[in-house]
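*Asks:* I'm passing along upload.txt; it holds compact mmCIF, C-alpha atoms and all ligand atoms.
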# COMPACT_ATOMS: atom_id res chain seq x y z
CA MET O 531 0.00 0.00 0.00
CA LEU O 532 1.04 3.57 -0.70
CA SER O 533 0.47 6.40 1.77
CA VAL O 534 0.57 10.03 0.72
CA VAL O 535 1.09 12.38 3.65
CA VAL O 536 0.08 15.99 3.09
CA PRO O 537 0.23 18.72 5.74
CA MET O 538 -2.30 21.50 5.32
CA TYR O 539 -2.49 24.76 7.18
CA ASP O 540 -5.16 27.25 6.12
CA GLU O 541 -5.25 25.82 2.61
CA GLU O 542 -8.95 26.31 1.77
CA GLN O 543 -7.98 27.82 -1.58
CA VAL O 544 -6.03 24.80 -2.77
CA VAL O 545 -7.94 21.85 -1.29
CA GLU O 546 -10.17 21.43 -4.31
CA LEU O 547 -7.38 21.86 -6.87
CA PHE O 548 -5.26 19.45 -4.90
CA VAL O 549 -7.89 16.70 -4.67
CA GLU O 550 -8.72 17.06 -8.36
CA ARG O 551 -5.12 16.57 -9.39
CA LEU O 552 -3.98 13.95 -6.92
CA ARG O 553 -6.94 11.59 -7.05
CA PRO O 554 -6.77 10.64 -10.77
CA VAL O 555 -3.03 9.95 -10.47
CA LEU O 556 -3.47 7.61 -7.52
CA ASP O 557 -6.59 5.93 -8.91
CA ALA O 558 -4.76 5.25 -12.17
CA GLY O 559 -1.97 3.54 -10.25
CA GLY O 560 -4.30 0.62 -9.65
CA GLU O 561 -2.78 -0.15 -6.27
CA PRO O 562 -4.30 0.37 -2.83
CA TYR O 563 -3.43 3.71 -1.27
CA GLU O 564 -4.41 6.17 1.40
CA VAL O 565 -4.04 9.92 1.49
CA VAL O 566 -3.27 11.15 4.99
CA VAL O 567 -4.02 14.86 5.17
CA VAL O 568 -2.69 16.37 8.37
CA ASP O 569 -4.77 19.42 9.13
CA ASP O 570 -2.28 21.47 11.10
CA GLY O 571 -4.83 23.35 13.19
CA SER O 572 -6.24 25.36 10.28
CA ARG O 573 -8.43 28.30 11.28
CA ASP O 574 -10.23 28.60 7.95
CA THR O 575 -12.65 26.22 6.22
CA THR O 576 -10.01 23.61 5.34
CA PRO O 577 -11.39 21.00 7.82
CA VAL O 578 -14.93 21.47 6.50
CA LEU O 579 -13.81 21.01 2.89
CA LEU O 580 -11.77 17.94 3.81
CA GLU O 581 -14.76 16.41 5.58
CA ARG O 582 -16.82 16.98 2.45
CA TYR O 583 -14.29 15.29 0.17
CA ARG O 584 -13.88 12.41 2.56
CA ARG O 585 -17.48 11.37 1.99
CA GLU O 586 -16.91 10.70 -1.69
CA TRP O 587 -13.25 9.64 -1.54
CA PRO O 588 -12.88 6.68 0.84
CA GLU O 589 -9.08 6.67 0.53
CA LEU O 590 -8.87 10.13 2.04
CA ARG O 591 -7.98 10.17 5.70
CA VAL O 592 -7.87 13.32 7.80
CA VAL O 593 -5.72 13.70 10.89
CA ARG O 594 -6.42 16.97 12.65
CA LEU O 595 -3.95 18.46 15.08
CA ARG O 596 -5.42 20.40 17.95
CA ALA O 597 -3.22 23.40 17.39
CA ASN O 598 -0.88 24.63 14.69
CA ALA O 599 2.32 22.68 15.23
CA GLY O 600 4.27 23.72 12.16
CA HIS O 601 5.13 22.04 8.86
CA GLN O 602 7.77 19.62 10.18
CA ALA O 603 5.72 18.57 13.18
CA ALA O 604 2.67 18.03 10.96
CA LEU O 605 4.78 15.83 8.68
CA SER O 606 6.00 13.85 11.69
CA ALA O 607 2.41 13.36 12.80
CA GLY O 608 1.48 12.09 9.35
CA LEU O 609 4.47 9.74 9.20
CA SER O 610 3.62 8.16 12.53
CA ARG O 611 0.04 7.55 11.38
CA ALA O 612 0.66 6.39 7.81
CA ARG O 613 0.14 2.68 7.27
CA GLY O 614 1.59 2.22 3.80
CA ASP O 615 4.60 0.14 2.79
CA TRP O 616 5.74 3.26 0.97
CA VAL O 617 5.07 6.76 2.20
CA VAL O 618 5.21 9.90 0.06
CA THR O 619 5.28 13.30 1.73
CA MET O 620 4.30 16.34 -0.31
CA ASP O 621 2.98 19.89 0.04
CA ALA O 622 -0.67 20.69 -0.48
CA ASP O 623 -0.13 23.72 -2.70
CA LEU O 624 0.68 21.69 -5.85
CA GLN O 625 4.24 22.98 -5.94
CA ASP O 626 5.09 19.29 -5.73
CA PRO O 627 3.42 17.77 -8.81
CA PRO O 628 1.31 14.69 -7.92
CA GLU O 629 2.16 13.27 -11.36
CA LEU O 630 5.66 12.56 -10.09
CA VAL O 631 4.46 9.98 -7.56
CA PRO O 632 4.31 7.06 -10.05
CA ASP O 633 7.81 8.00 -11.23
CA MET O 634 9.05 7.84 -7.65
CA VAL O 635 7.50 4.42 -7.16
CA ALA O 636 9.10 3.24 -10.40
CA ALA O 637 12.48 4.68 -9.41
CA ALA O 638 12.35 2.89 -6.06
CA ARG O 639 11.50 -0.42 -7.74
CA ARG O 640 14.18 0.00 -10.38
CA THR O 641 17.01 0.89 -8.01
CA GLY O 642 15.91 -0.93 -4.89
CA SER O 643 16.29 2.25 -2.87
CA ASP O 644 14.71 2.99 0.47
CA VAL O 645 14.39 6.70 -0.15
CA VAL O 646 13.51 8.59 -3.33
CA TYR O 647 14.19 12.33 -3.12
CA ALA O 648 12.47 14.67 -5.48
CA ALA O 649 14.88 17.47 -6.28
CA ARG O 650 13.79 20.51 -8.22
CA ALA O 651 15.51 20.98 -11.53
CA ASP O 652 15.79 24.73 -11.05
CA ARG O 653 14.48 27.47 -8.82
CA SER O 654 13.36 29.85 -11.53
CA THR O 655 9.87 30.14 -10.06
CA ASP O 656 11.19 31.38 -6.72
CA THR O 657 11.87 34.94 -5.76
CA SER O 658 15.56 35.81 -5.73
CA PHE O 659 15.36 36.24 -1.95
CA LYS O 660 14.09 32.69 -1.52
CA ARG O 661 16.72 31.43 -3.97
CA HIS O 662 19.56 33.02 -2.05
CA THR O 663 18.36 32.04 1.40
CA ALA O 664 17.80 28.49 0.15
CA ALA O 665 21.33 28.31 -1.31
CA LEU O 666 22.69 29.53 2.02
CA TYR O 667 20.59 27.06 3.96
CA TYR O 668 21.55 24.01 1.92
CA GLY O 669 25.22 25.01 1.87
CA LEU O 670 25.23 25.28 5.65
CA MET O 671 23.33 22.03 6.09
CA ARG O 672 25.77 20.11 3.91
CA ARG O 673 28.54 21.43 6.12
CA LEU O 674 26.80 20.42 9.30
CA ALA O 675 24.88 17.27 8.46
CA GLY O 676 27.20 15.89 5.82
CA ALA O 677 27.23 15.82 2.05
CA ARG O 678 24.40 13.33 1.98
CA VAL O 679 21.88 16.15 2.16
CA PRO O 680 20.58 16.48 -1.40
CA SER O 681 20.36 20.13 -2.34
CA ASN O 682 17.11 21.58 -3.59
CA ALA O 683 15.18 18.66 -2.19
CA GLY O 684 12.56 19.89 0.23
CA ASP O 685 10.06 17.63 1.86
CA PHE O 686 8.84 15.96 -1.34
CA ARG O 687 10.15 12.41 -1.06
CA MET O 688 9.13 8.79 -0.86
CA MET O 689 10.28 6.49 1.93
CA SER O 690 10.07 2.77 2.49
CA ARG O 691 8.40 1.34 5.59
CA ALA O 692 11.83 0.62 7.10
CA THR O 693 12.79 4.27 6.66
CA VAL O 694 9.55 5.57 8.11
CA ASP O 695 9.89 3.27 11.12
CA ALA O 696 13.44 4.50 11.64
CA VAL O 697 12.32 8.13 11.45
CA ASN O 698 9.43 7.49 13.82
CA ALA O 699 11.83 5.90 16.29
CA LEU O 700 14.07 8.98 16.43
CA PRO O 701 13.69 10.27 19.97
CA GLU O 702 14.15 13.96 19.21
CA HIS O 703 11.43 16.56 19.15
CA ASN O 704 11.47 19.26 16.48
CA ARG O 705 13.03 16.90 14.00
CA VAL O 706 13.91 18.45 10.69
CA LEU O 707 12.97 15.73 8.26
CA ARG O 708 14.94 17.00 5.29
CA LEU O 709 18.08 16.43 7.38
CA ALA O 710 16.98 13.53 9.55
CA VAL O 711 16.16 11.35 6.56
CA PRO O 712 19.48 11.86 4.69
CA ALA O 713 21.33 11.39 8.00
CA LEU O 714 19.95 7.84 8.18
CA ALA O 715 22.02 7.20 5.05
CA PHE O 716 19.66 4.55 3.70
CA PRO O 717 20.09 3.64 0.03
CA SER O 718 18.52 6.46 -1.94
CA THR O 719 17.97 7.81 -5.40
CA THR O 720 16.81 11.15 -6.78
CA VAL O 721 14.26 12.14 -9.39
CA THR O 722 14.09 15.70 -10.64
CA TYR O 723 11.06 17.82 -11.36
CA GLU O 724 10.06 21.33 -12.27
CA ARG O 725 8.69 23.06 -9.24
CA ALA O 726 5.51 24.93 -10.04
CA GLU O 727 4.27 28.10 -8.46
CA ARG O 728 1.87 27.87 -5.56
CA ALA O 729 -1.54 26.96 -7.04
CA ALA O 730 -3.45 29.43 -4.87
CA GLY O 731 -3.22 31.22 -1.54
CA ARG O 732 -0.06 32.55 0.07
CA THR O 733 3.00 30.89 1.51
CA LYS O 734 2.65 29.75 5.12
CA TYR O 735 6.39 30.12 5.67
CA SER O 736 7.05 33.52 7.13
CA LEU O 737 10.59 34.75 7.65
CA THR O 738 10.29 33.88 11.36
CA ARG O 739 9.42 30.30 10.47
CA MET O 740 12.33 30.08 8.05
CA VAL O 741 14.68 31.33 10.76
CA ARG O 742 13.24 28.85 13.23
CA LEU O 743 13.69 25.99 10.74
CA SER O 744 17.31 27.01 10.24
CA LEU O 745 17.92 27.17 14.00
CA ASP O 746 16.30 23.77 14.51
CA SER O 747 18.44 22.42 11.68
CA VAL O 748 21.69 23.78 13.06
CA THR O 749 21.13 22.93 16.71
CA GLY O 750 19.57 19.58 15.90
CA PHE O 751 22.47 18.40 13.81
CA SER O 752 25.50 20.01 15.23
CA VAL O 753 27.10 21.20 18.45
CA LEU O 754 29.28 23.55 16.42
CA PRO O 755 27.76 26.73 17.90
CA LEU O 756 28.83 25.56 21.38
CA ARG O 757 32.38 25.19 20.13
CA VAL O 758 32.53 28.86 19.15
CA ALA O 759 33.25 29.72 22.78
CA THR O 760 36.23 27.35 22.81
CA TRP O 761 37.71 28.96 19.72
CA LEU O 762 37.12 32.46 21.04
CA GLY O 763 38.72 31.36 24.33
CA PHE O 764 41.86 30.18 22.56
CA LEU O 765 42.00 33.37 20.56
CA GLY O 766 41.37 35.40 23.72
CA ILE O 767 44.26 33.75 25.53
CA LEU O 768 46.62 34.46 22.64
CA VAL O 769 45.54 38.08 22.42
CA SER O 770 45.73 38.57 26.18
CA LEU O 771 49.28 37.17 26.27
CA VAL O 772 50.32 39.77 23.72
CA LEU O 773 48.53 42.52 25.63
CA ILE O 774 50.05 41.46 28.95
CA ALA O 775 53.51 41.46 27.38
CA TYR O 776 52.81 44.98 26.09
CA ALA O 777 51.67 46.07 29.57
CA LEU O 778 54.79 44.60 31.19
CA ILE O 779 57.07 46.29 28.70
CA SER O 780 55.31 49.61 29.30
CA TRP O 781 55.73 49.07 33.05
CA LEU O 782 59.43 48.31 32.68
CA ALA O 783 59.85 51.42 30.54
CA GLY O 784 58.17 53.32 33.34
CA VAL O 785 55.70 55.14 31.14
CA VAL O 786 52.51 54.02 32.99
CA THR O 787 50.46 55.19 35.95
CA PRO O 788 51.04 52.99 39.04
CA GLY O 789 48.42 50.22 39.28
CA TRP O 790 47.55 50.24 35.58
CA THR O 791 49.66 47.22 34.64
CA SER O 792 48.20 44.87 37.23
CA THR O 793 44.60 45.97 36.60
CA PHE O 794 44.99 45.69 32.85
CA ALA O 795 46.63 42.26 33.02
CA THR O 796 43.95 40.95 35.36
CA VAL O 797 41.04 42.16 33.25
CA VAL O 798 42.50 40.80 30.02
CA GLY O 799 43.71 37.49 31.47
CA VAL O 800 40.59 36.66 33.48
CA GLY O 801 38.32 37.53 30.55
CA ALA O 802 40.15 35.13 28.25
CA LEU O 803 40.24 32.43 30.90
CA GLN O 804 36.49 32.72 31.49
CA LEU O 805 35.71 32.43 27.82
CA PHE O 806 37.91 29.38 27.57
CA CYS O 807 36.20 27.70 30.54
CA LEU O 808 32.83 28.49 29.04
CA GLY O 809 33.97 26.71 25.89
CA LEU O 810 35.13 23.75 27.94
CA LEU O 811 31.70 23.59 29.56
CA GLY O 812 30.18 23.76 26.08
CA GLU O 813 32.17 20.72 25.01
CA TYR O 814 30.62 18.66 27.78
CA VAL O 815 27.14 20.08 27.27
CA GLY O 816 27.52 19.22 23.58
CA ARG O 817 28.43 15.64 24.36
CA MET O 818 25.50 15.35 26.74
CA TYR O 819 23.21 16.78 24.09
CA LEU O 820 24.34 14.25 21.49
CA ALA O 821 23.95 11.41 23.99
CA MET O 822 20.51 12.68 24.95
CA GLN O 823 19.41 12.78 21.32
CA GLY O 824 20.03 9.04 21.40
CA ARG O 825 20.15 8.60 17.65
CA PRO O 826 20.71 4.96 16.82
CA ALA O 827 24.24 4.24 15.61
CA TYR O 828 23.07 1.64 13.08
CA PHE O 829 20.04 -0.01 11.54
CA VAL O 830 20.02 -3.72 10.84
CA ALA O 831 18.65 -4.51 7.40
CA TYR O 832 18.90 -8.26 7.51
CA ASP O 833 19.69 -11.03 9.96
CA SER O 834 19.93 -14.53 8.56
CA ALA O 835 18.65 -15.94 11.86
CA GLU O 836 15.41 -14.00 11.38
CA ARG O 837 13.28 -14.19 8.31
CA GLY O 838 11.11 -11.84 6.35
CA ASP O 839 13.52 -9.05 5.43
CA ASP O 840 14.71 -8.34 1.97
CA ALA O 841 18.01 -6.45 1.92
CA GLU O 842 21.35 -8.11 2.53
CA SER O 843 23.66 -5.53 3.93
CA GLU O 844 23.99 -3.88 7.27
CA ASP O 845 23.94 -0.14 7.15
CA VAL O 846 26.05 1.67 9.68
CA PRO O 847 25.85 5.39 9.10
CA ALA O 848 28.90 7.39 10.09
CA SER O 849 28.75 9.40 13.24
CA LEU O 850 26.06 12.01 13.14
CA SER O 851 27.90 14.45 15.33
CA GLY O 852 29.11 17.79 14.08
N1 LIG R 901 2.14 23.94 6.47
C1 LIG R 901 1.68 23.33 7.64
N2 LIG R 901 1.83 23.98 8.84
C2 LIG R 901 2.41 25.21 8.91
C3 LIG R 901 2.89 25.82 7.72
C4 LIG R 901 2.74 25.14 6.51
O1 LIG R 901 1.17 22.22 7.61
O2 LIG R 901 2.49 25.74 10.01
C5 LIG R 901 1.99 23.23 5.19
C6 LIG R 901 1.30 24.01 4.10
O3 LIG R 901 -0.10 23.86 4.19
C7 LIG R 901 1.86 23.38 2.84
C8 LIG R 901 3.27 22.99 3.27
O4 LIG R 901 3.27 22.97 4.70
O5 LIG R 901 1.16 22.21 2.48
C9 LIG R 901 4.32 23.92 2.74
O6 LIG R 901 4.00 25.25 3.09
P1 LIG R 901 4.15 26.45 2.04
O7 LIG R 901 3.74 26.01 0.68
O8 LIG R 901 3.41 27.62 2.60
O9 LIG R 901 5.71 26.72 2.11
P2 LIG R 901 6.65 27.19 0.88
O10 LIG R 901 6.36 26.27 -0.28
O11 LIG R 901 6.30 28.60 0.58
O12 LIG R 901 8.04 27.03 1.42
MG MG R 902 4.59 25.92 -1.09
Now, as a test, write the supplied structure out as structure tokens.
*Replies:*
Amino acid sequence: MLSVVVPMYDEEQVVELFVERLRPVLDAGGEPYEVVVVDDGSRDTTPVLLERYRREWPELRVVRLRANAGHQAALSAGLSRARGDWVVTMDADLQDPPELVPDMVAAARRTGSDVVYAARADRSTDTSFKRHTAALYYGLMRRLAGARVPSNAGDFRMMSRATVDAVNALPEHNRVLRLAVPALAFPSTTVTYERAERAAGRTKYSLTRMVRLSLDSVTGFSVLPLRVATWLGFLGILVSLVLIAYALISWLAGVVTPGWTSTFATVVGVGALQLFCLGLLGEYVGRMYLAMQGRPAYFVAYDSAERGDDAESEDVPASLSG
């Protein structure tokens, strides 16, 4: 069975367009499917419309969140509820073309991959602001989460049951799926598509939300920011040594007011030392944070003593730490 997970937040203007385009594609597939729409606490008529469509489309399933939880959280909710052997996640605004779903299924069958990313061929339909911030974001994420992060692949992807189970088992809150899934390092392949403009309505991603996503991405996948204090501490100690030497020389030359040398040396030295200790603390906090995240170190694909699995290799992703 195929599950299609779609988060919707205040999407009354696209619900109809979306249903009209997705349903024929899935019906034509000839295989059993379900569409799991996660209504992310919409305040408009989205839930009413969904209820109406559900009456005539038995494969449509609606999961309503009590309050707006955000795109990534809504996706997580959908993933934990989806029952399919394969799960596609896509946006409701038809920027992710439903027609690509059969291609993704075919690509997975052909290559035996666990994950099929849909990467956009180009970003010509985006504003230049979005293009630049996106380039920055993906560049940074590759640095932090490793080169496995496919660029220009948002949250339009298909995952096998094994992948979905692994994602569901991740203990972290605020998981950023477009990083968490590549970090699993399951066998994957990519299909490209032309990203359309939003079918109707406005984007639900304000600048604040984009910043929050970036912060979640950075802090969720790296303890690098904590290490900044260590580097600054090292630098501070070097600089303070130079300054203290300068103060001592001035004192020897007798060109300073009495008391200045000792005060100056203390301020400079203690400041650097404090920064360094803060960095040291950060190192331990960082290690505790990684341990607390409790990401599994490996996923077993196959064990000859057990039966019923298909793959033959054992996947041990490299360390996920920054
Ligand atoms: N979305 C959601 N909860 C939110 C914000 C967005 O479920 O708090 C959904 C939205 O309905 C859409 C998808 O996430 O299906 C992507 O949002 P949008 O198209 O506004 O983002 P953009 O494509 O502009 O980055
Ligand atoms: Mg969109």
*Asks:* Using all atoms listed in the file, find each residue with an atom at most 10 Å away from ligand LIG 901 (chain R) and format the answer as an NGL selection string.
*Replies:* :O and (535-542 or 544-545 or 567-572 or 576 or 595 or 597-605 or 619-626 or 656 or 660 or 664 or 684-685 or 725-736 or 739-740)
*Asks:* Of the residues O:Pro577, O:Pro788, O:Pro627, O:Gly614, which is the one nearest to ligand MG 902 (chain R), using only C-alpha atoms and all ligand atoms?
*Replies:* O:Pro627
*Asks:* Restricting the calculation to all atoms listed in the file, which member of O:Val635, O:Ser606, O:Asp574, O:Val646 is positioned closest to Leu556 of chain O?
*Replies:* O:Val635
*Asks:* Could you give me, as a list in words, the residues that have an atom at most 10 Å away from the point (1.7, 5.8, 10.6) in the coordinates of the file, using all atoms listed in the file?
*Replies:* Ser533, Val535, Val566, Ser606, Ala607, Gly608, Leu609, Ser610, Arg611, Ala612, Arg613, Gly614, Val617, Arg691, Val694, Asp695 and Asn698 of chain O
*Asks:* Check the smallest atom-to-atom distance from each of O:Ser718, O:Val753, O:Gly642, O:Ala683 to Met818 of chain O using only C-alpha atoms, then report the winner.
*Replies:*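 Looking only at the distances to Met818 of chain O, the closest residue turns out to be O:Val753.
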*Asks:* Can you measure atom CA of Ser792 of chain O to atom CA of Ile774 of chain O for me? One decimal in Å is fine.
*Replies:*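 For atom CA of Ser792 of chain O relative to atom CA of Ile774 of chain O, the distance reads 9.1 Å.
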*Asks:* In Å to one decimal, how far is atom CA of Ala713 of chain O from atom CA of Ser747 of chain O?
*Replies:*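 Taking atom CA of Ser747 of chain O as the start and atom CA of Ala713 of chain O as the end point, the length is 12.0 Å.
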*Asks:* Within 7 Å of (38.3, 32.5, 26.4), in the coordinates the file gives, what residues turn up when you count all atoms listed in the file, written out as a ChimeraX atom specification?
*Replies:* /O:759-760,762-767,801-807
*Asks:* Return the single residue from O:Phe686, O:Leu579, O:Tyr647, O:Met671 that is closest to ligand MG 902 (chain R), with distances computed using all atoms listed in the file.
*Replies:*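 Answer, going by the shortest atom-to-atom distance: O:Phe686.
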